[in-house]
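J.: The structure that follows is given in the form of structure tokens.
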Amino acid sequence: MGFNSKFLVQNRFGVFYFQKRVPNCYLIKSPRLPKLVRLSLGTKSKKEAIKLSRLISVMWDLRAQQYFANEQSYHEGMKLFQQYLKAVVQYPKFEDISTHFFDLLDDVTSSDSRLLENAVNYHESLQIDKGNNPYANEIQQLRTMLSSSNKTNSSVNSVQLDEAFDEFISHHKTSWREDGTMESSYRVSYYPVLKSVIGESKTDEITKAHINQFIKIVLNLPANKSKMEKYRNKAMLDFLTMTVPEKDKLSPTSQEKYIRRIATFLRWLRTNDYTEIDLDLPIKGVKFAKTRSNEQRASFTKADLGKLFNSKEYSHGLHKQSAHFWVPLIGVFTGARLNEICQLLVSDIQLDEETKRWVFDINDDKKSDPNKSLKKPYHARLVPIHKKLIELGFIEFVEQQKKSKHKRLFPELPFVSNNNKYGDKLQRWFNRTYTKNCQIKTVNTSFHSLRHTVITHLVNEKKIDPNRIAIGFGQTPVGGVTQTVYTKRQSASSYFQYFDMIDFRDCIDIKKIKGWKYHQFNRS
């Protein structure tokens, strides 16, 4: 096959690429393959680009077929060989090459070593008969190009790190949820750690040593740096050498978020020619501890519940806001998520026509409140209001909020653009006032532990099949999302009975809870 100029494309910096579409037969067998394979030619000269592209096309059509099963494996092998040549230049000692290149092989595909070996054999075969190869000079030029470590290469468009980061955010934010927290998480949490290591360097000055330092800081970073006095005034670089107890560190889940998010940014730098180094390679060697979701937050014990709900705050009427009194009580008698409770509107408290019962209508109706949200759309559901909440005067409280012309049930809770949203302020207050002042000893507890406690109580103590209560708690039963979507409203009455079985009278004395009308928030 002769050279087809349609395989030659330029990026926005004028650098030429060899681009070829992956055949449909491979895409059908492996849908995750990219539709286009692109290989940077590292030049802005069209004449040179045509020459190199012709070489690549001919190499694939003739010799490469002897060593590679398809075009995708060919280009993957060539990329690995390219990385190896760069490693040889960057790390003169074999020990360093082993650490920074060979030790990272097979982390993702488990076939890197085989592909690299095929690439080496392929190049060796060309050298054996290079005297008869009409493209011997071009091969040598290609070898020179691939092994070059000159950072002034015309394919690199070096800019200040902040400039590149802002462009990265601009490119990606269109695919993020408008009411999500991705951009703020990048700007407030993830990027500042990377910036503390790299400083004011340009993108072509970033090295893998910088990334290894970033990783080391993240794995040693305290979870509440700004709140804990012993860490508050420490610079990020201090955590390269400081000893931080495991109990103070970011959770494995948070550590992985920091590192994976920055890896996305680093790959974007390489893809967009802001660096010629695959800066995300050190991250492939990081192994994260896997914590099952049901182990991330512990349930409260019966003793914990007694400390919380028969505390002086409840028994002496010390709550300064209505949300402080009601939200934990709603949590322990519904198992609802924090934000689901805190974002409730007065109109979400309804008398259900089918069951003739008072219910919480948990929804994300944007027309009533554009800031409303649910973790998943199919988490919308009806939850019956427990008789203990009614005994405590909840319906009377709702009526008072109506008379006061409040749209939201807890108007004192502001919306914050983070994961807890309307629940952010309540979550902080809960941890500060209850789990600390009440001397809760159970580790890994927070407001979300109330949800775990209720579900565990029904499954373990009341012996209820988890699938029977899944829809009522906004979970996915056996049968998957489809079953959840099509049964959540119709089956409401079928799961109401299980909420009636929530019974904590062996640890919570309702009679000791001072009526809501006599708490500080209702005295002013």
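Following the order of the structure tokens, chains are lettered A, B, ..., residues in each are numbered from 1, and ligands are numbered from 1.
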Extract the full set of strand (DSSP E or B) residues from segment 226-439 of chain A according to DSSP on the backbone, and format it as a count of residues only.

T.: 17

J.: Neighbours of segment 17-19 of chain A within 6 Å (only C-alpha atoms; same-chain residues fewer than 2 positions away dropped), as a list in words?

T.: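 Returned residues: Phe7, Leu8, Val9, Gln10, Val37, Arg38, Leu39, Ser40, Leu41 and Ser53 of chain A.
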
J.: Please tabulate, as JSON lines, the residues of segment 375-434 of chain A that come within 12 Å of segment 321-328 of chain A, each with its closest pair of atoms and the distance in Å to one decimal, counting only C-alpha atoms and ordering rows by chain, then residue number upward.

T.:
{"residue": "A:Lys388", "atom": "CA", "partner": "A:Trp326", "partner_atom": "CA", "distance": 11.9}
{"residue": "A:Leu389", "atom": "CA", "partner": "A:Trp326", "partner_atom": "CA", "distance": 8.8}
{"residue": "A:Ile390", "atom": "CA", "partner": "A:Trp326", "partner_atom": "CA", "distance": 11.5}
{"residue": "A:Leu392", "atom": "CA", "partner": "A:Trp326", "partner_atom": "CA", "distance": 9.6}
{"residue": "A:Gly393", "atom": "CA", "partner": "A:Trp326", "partner_atom": "CA", "distance": 10.2}
{"residue": "A:Phe394", "atom": "CA", "partner": "A:Trp326", "partner_atom": "CA", "distance": 8.1}
{"residue": "A:Ile395", "atom": "CA", "partner": "A:Trp326", "partner_atom": "CA", "distance": 11.5}
{"residue": "A:Phe397", "atom": "CA", "partner": "A:Ser322", "partner_atom": "CA", "distance": 9.2}
{"residue": "A:Val398", "atom": "CA", "partner": "A:Ser322", "partner_atom": "CA", "distance": 10.9}
{"residue": "A:Gln400", "atom": "CA", "partner": "A:Ser322", "partner_atom": "CA", "distance": 11.6}
{"residue": "A:Gln401", "atom": "CA", "partner": "A:Ser322", "partner_atom": "CA", "distance": 10.4}
{"residue": "A:Arg408", "atom": "CA", "partner": "A:Ala323", "partner_atom": "CA", "distance": 11.2}
{"residue": "A:Leu409", "atom": "CA", "partner": "A:Ala323", "partner_atom": "CA", "distance": 8.5}
{"residue": "A:Phe410", "atom": "CA", "partner": "A:Ala323", "partner_atom": "CA", "distance": 5.8}
{"residue": "A:Pro411", "atom": "CA", "partner": "A:Ala323", "partner_atom": "CA", "distance": 8.8}
{"residue": "A:Glu412", "atom": "CA", "partner": "A:Gln321", "partner_atom": "CA", "distance": 7.5}
{"residue": "A:Leu413", "atom": "CA", "partner": "A:Ala323", "partner_atom": "CA", "distance": 7.7}
{"residue": "A:Pro414", "atom": "CA", "partner": "A:Ala323", "partner_atom": "CA", "distance": 11.5}
{"residue": "A:Tyr422", "atom": "CA", "partner": "A:Ala323", "partner_atom": "CA", "distance": 11.1}
{"residue": "A:Gly423", "atom": "CA", "partner": "A:Val327", "partner_atom": "CA", "distance": 9.6}
{"residue": "A:Lys425", "atom": "CA", "partner": "A:Ala323", "partner_atom": "CA", "distance": 10.2}
{"residue": "A:Leu426", "atom": "CA", "partner": "A:His324", "partner_atom": "CA", "distance": 7.2}
{"residue": "A:Gln427", "atom": "CA", "partner": "A:His324", "partner_atom": "CA", "distance": 9.9}
{"residue": "A:Arg428", "atom": "CA", "partner": "A:His324", "partner_atom": "CA", "distance": 11.1}
{"residue": "A:Trp429", "atom": "CA", "partner": "A:His324", "partner_atom": "CA", "distance": 8.1}
{"residue": "A:Phe430", "atom": "CA", "partner": "A:His324", "partner_atom": "CA", "distance": 7.8}
{"residue": "A:Asn431", "atom": "CA", "partner": "A:Pro328", "partner_atom": "CA", "distance": 11.5}
{"residue": "A:Arg432", "atom": "CA", "partner": "A:His324", "partner_atom": "CA", "distance": 11.9}
{"residue": "A:Thr433", "atom": "CA", "partner": "A:His324", "partner_atom": "CA", "distance": 9.8}
{"residue": "A:Tyr434", "atom": "CA", "partner": "A:Pro328", "partner_atom": "CA", "distance": 10.1}

J.: Restricted to N, CA, C and O atoms, what would the selected residues look like written as a compact mmCIF listing (two decimals), in the first residue's frame?

T.:
# COMPACT_ATOMS: atom_id res chain seq x y z
N LYS A 388 -42.61 7.82 66.37
CA LYS A 388 -41.86 8.50 67.43
C LYS A 388 -41.62 9.96 67.07
O LYS A 388 -41.61 10.83 67.94
N LEU A 389 -41.41 10.24 65.79
CA LEU A 389 -41.24 11.62 65.34
C LEU A 389 -42.55 12.39 65.52
O LEU A 389 -42.55 13.56 65.91
N ILE A 390 -43.66 11.71 65.23
CA ILE A 390 -44.96 12.36 65.41
C ILE A 390 -45.23 12.62 66.88
O ILE A 390 -45.75 13.69 67.25
N LEU A 392 -43.07 13.30 69.06
CA LEU A 392 -42.21 14.42 69.46
C LEU A 392 -42.69 15.74 68.88
O LEU A 392 -42.06 16.78 69.10
N GLY A 393 -43.78 15.72 68.11
CA GLY A 393 -44.37 16.97 67.61
C GLY A 393 -43.87 17.42 66.26
O GLY A 393 -43.95 18.61 65.94
N PHE A 394 -43.40 16.48 65.42
CA PHE A 394 -42.82 16.89 64.15
C PHE A 394 -43.86 17.56 63.23
O PHE A 394 -43.55 18.56 62.58
N ILE A 395 -45.07 17.01 63.16
CA ILE A 395 -46.08 17.59 62.27
C ILE A 395 -46.42 19.01 62.72
O ILE A 395 -46.61 19.92 61.88
N PHE A 397 -44.39 21.04 64.19
CA PHE A 397 -43.25 21.86 63.76
C PHE A 397 -43.38 22.25 62.29
O PHE A 397 -43.14 23.39 61.90
N VAL A 398 -43.79 21.29 61.45
CA VAL A 398 -43.96 21.56 60.03
C VAL A 398 -45.02 22.64 59.82
O VAL A 398 -44.86 23.56 59.01
N GLN A 400 -45.83 24.98 61.87
CA GLN A 400 -45.27 26.27 62.27
C GLN A 400 -44.41 26.86 61.17
O GLN A 400 -44.45 28.07 60.92
N GLN A 401 -43.62 26.02 60.50
CA GLN A 401 -42.78 26.50 59.40
C GLN A 401 -43.63 27.03 58.25
O GLN A 401 -43.28 28.00 57.59
N ARG A 408 -38.17 26.26 52.88
CA ARG A 408 -37.37 25.10 53.29
C ARG A 408 -37.67 24.75 54.74
O ARG A 408 -37.92 25.63 55.58
N LEU A 409 -37.62 23.45 55.03
CA LEU A 409 -37.93 22.99 56.38
C LEU A 409 -36.90 23.50 57.38
O LEU A 409 -37.25 23.85 58.52
N PHE A 410 -35.63 23.56 56.94
CA PHE A 410 -34.55 24.05 57.81
C PHE A 410 -33.83 25.20 57.10
O PHE A 410 -32.72 25.02 56.57
N PRO A 411 -34.42 26.37 57.06
CA PRO A 411 -33.85 27.49 56.30
C PRO A 411 -32.52 27.99 56.85
O PRO A 411 -31.80 28.71 56.15
N GLU A 412 -32.17 27.61 58.07
CA GLU A 412 -30.92 28.07 58.66
C GLU A 412 -29.70 27.34 58.10
O GLU A 412 -28.55 27.75 58.34
N LEU A 413 -29.93 26.28 57.33
CA LEU A 413 -28.81 25.52 56.76
C LEU A 413 -28.48 26.05 55.37
O LEU A 413 -29.30 25.94 54.45
N PRO A 414 -27.30 26.63 55.16
CA PRO A 414 -26.94 27.19 53.85
C PRO A 414 -26.50 26.11 52.87
O PRO A 414 -26.07 25.02 53.28
N TYR A 422 -26.41 21.00 51.39
CA TYR A 422 -27.15 21.61 52.49
C TYR A 422 -26.74 21.01 53.84
O TYR A 422 -26.96 21.63 54.89
N GLY A 423 -26.16 19.82 53.82
CA GLY A 423 -25.79 19.17 55.08
C GLY A 423 -24.42 19.53 55.61
O GLY A 423 -24.03 19.06 56.68
N LYS A 425 -22.96 22.30 56.97
CA LYS A 425 -22.90 22.96 58.28
C LYS A 425 -23.38 22.02 59.38
O LYS A 425 -22.81 21.99 60.48
N LEU A 426 -24.44 21.26 59.10
CA LEU A 426 -24.98 20.33 60.09
C LEU A 426 -23.97 19.23 60.42
O LEU A 426 -23.80 18.84 61.57
N GLN A 427 -23.31 18.72 59.37
CA GLN A 427 -22.31 17.66 59.57
C GLN A 427 -21.20 18.13 60.50
O GLN A 427 -20.80 17.41 61.43
N ARG A 428 -20.70 19.34 60.29
CA ARG A 428 -19.62 19.87 61.13
C ARG A 428 -20.11 20.06 62.57
O ARG A 428 -19.39 19.74 63.52
N TRP A 429 -21.31 20.59 62.72
CA TRP A 429 -21.86 20.78 64.06
C TRP A 429 -22.06 19.44 64.76
O TRP A 429 -21.76 19.29 65.94
N PHE A 430 -22.57 18.45 64.04
CA PHE A 430 -22.84 17.14 64.62
C PHE A 430 -21.55 16.51 65.15
O PHE A 430 -21.50 16.02 66.29
N ASN A 431 -20.51 16.53 64.34
CA ASN A 431 -19.23 15.94 64.76
C ASN A 431 -18.64 16.68 65.96
O ASN A 431 -18.07 16.07 66.87
N ARG A 432 -18.78 18.00 65.94
CA ARG A 432 -18.21 18.81 67.02
C ARG A 432 -18.99 18.64 68.33
O ARG A 432 -18.41 18.49 69.40
N THR A 433 -20.32 18.65 68.24
CA THR A 433 -21.15 18.67 69.43
C THR A 433 -21.42 17.29 69.99
O THR A 433 -21.32 17.06 71.19
N TYR A 434 -21.79 16.35 69.13
CA TYR A 434 -22.18 15.03 69.61
C TYR A 434 -21.03 14.05 69.73
O TYR A 434 -20.70 13.60 70.82

J.: If you run DSSP on this backbone, which residues of segment 213-438 of chain A come out as alpha helix (DSSP H), and could you give them as an NGL selection string?

T.: :A and (213-218 or 229-232 or 252-271 or 281-284 or 293-296 or 302-309 or 312-315 or 322-334 or 338-342 or 387-391 or 394-403 or 424-430)

J.: To one decimal place in Å, what is the distance between atom CA of Met501 of chain A and atom CA of Asp365 of chain A?

T.: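 Atom CA of Asp365 of chain A lies at a distance of 29.4 Å from atom CA of Met501 of chain A.
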
J.: Which neighbours of segment 371-377 of chain A fall inside 9 Å, counting only C-alpha atoms, when residues of the same chain fewer than 2 positions from it are skipped, and could you give them as a list in words?

T.: Asp179, Asn339, Glu340, Gln343, Leu344, Ile362, Asn363, Asp364, Asp365, Lys366, Ser368, Asp369, His379, Ala380, Phe415, Lys421, Tyr422, Gly474 and Val485 of chain A

J.: Suppose you want the space between atom CA of Leu161 of chain A and atom CA of Ser201 of chain A; what is it in Å?

T.: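 Computing it gives 6.6 Å between the two atoms.
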
J.: Taking 2 positions as the minimum chain separation for residues in the same chain, which residues sit within 10 Å of Lys225 of chain A when counting only C-alpha atoms? Answer as a PyMOL selection string.

T.: chain A and resi 221-223+227-234+236+248-250

J.: With C-alpha atoms retained, write the just-selected residues as a CSV table (one decimal), in the first residue's frame.

T.:
chain,number,residue,atom,x,y,z
A,221,LEU,CA,-1.2,14.2,54.4
A,222,PRO,CA,-3.5,14.7,57.5
A,223,ALA,CA,-7.2,14.5,56.8
A,227,LYS,CA,-8.4,22.1,61.8
A,228,MET,CA,-5.7,20.3,63.8
A,229,GLU,CA,-3.3,22.7,65.6
A,230,LYS,CA,-0.2,20.5,65.2
A,231,TYR,CA,-0.6,20.6,61.4
A,232,ARG,CA,-2.4,23.8,60.7
A,233,ASN,CA,0.7,26.0,60.0
A,234,LYS,CA,2.8,23.4,58.4
A,236,MET,CA,3.0,21.0,52.3
A,248,ASP,CA,-4.6,11.3,61.3
A,249,LYS,CA,-4.0,10.6,57.6
A,250,LEU,CA,-6.4,10.9,54.7

J.: In terms of the shortest atom-to-atom distance over only C-alpha atoms, which of A:Ile198, A:Glu391, A:Phe168, A:Thr453 is closest to Thr271 of chain A?

T.: A:Phe168

J.: Can you measure atom CA of Ser299 of chain A to atom CA of Lys436 of chain A for me? One decimal in Å is fine.

T.: 16.0 Å
